[in-house]
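In what follows, a structure is listed as structure tokens, so that the remarks can point back to it.
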Amino acid sequence: MFLQVVVVLVALGAAALMLWEPHVEGRNAHATTFQIYFNDPFLAYAYVASIALFVALYQAFRLLGYAGQGRMFTPVAVRALRIIRYCALALIVFIGAEEVYAFVVVRGRDDIAGGVALGLVMMFLCVVAAAAAAVFERVLQTAVDMKSENDLTV
């Protein structure tokens, strides 16, 4: 239950940051709401990419619910881990595309060092999350297979 609350707080914090930050960003500090949200294609790209984050957080919430109900060794838990892995991989692709965009388009017009460093850290965290989800998925799938094999022999 505690970990589910943590997942919800992370999701709320991410959503609040995504809605608040564009209003205080340097070039948008004195812009209207229309200018902030409709004249910045990178912001739209960030919102589309964040869908994978929120799907992964929702699946983590469900997975923790399965653990609390004692249904951890079921195919639905394995499926939740698989979705989390796919979401982490999607985030790696989205962030990697942003890094390429920063090097090709923005380079020379703006200082990109901070954004690139932040992107690399986020990509590393997504790689770790994808690897952990893959390992847990494999272990859980083995346990589910063993459980179903034992149920058949009894």
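Ligands are numbered from 1 in the order shown, residues from 1 within each chain, and chains are lettered A, B, ... in the order they appear in the structure tokens.
All residues of protein, DNA or RNA that reach within 8 Å of region 47-64 of chain A, judged by only C-alpha atoms and not counting those fewer than 5 positions away in the chain, are Met1, Leu3, Gln4, Val7, Val8, Ala11, Met18, Met72, Ala77, Ala80, Leu81, Ile83, Ile84, Cys87, Ala88, Ala90, Leu91 and Phe94 of chain A.
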>> Excluding Val127 (chain A) and its own-chain neighbours fewer than 2 positions away, which residues fall within 8 Å of it when counting only C-alpha atoms? Please give them as a list in words.
In response: Ala88, Leu89, Ile92, Met123, Phe124, Leu125, Ala129, Ala130 and Ala131 of chain A
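Proximity to Thr142 (chain A) was assessed for A:Val93, A:Val121, A:Val78, A:Tyr86 counting only C-alpha atoms; the smallest distance is recorded for A:Val78.
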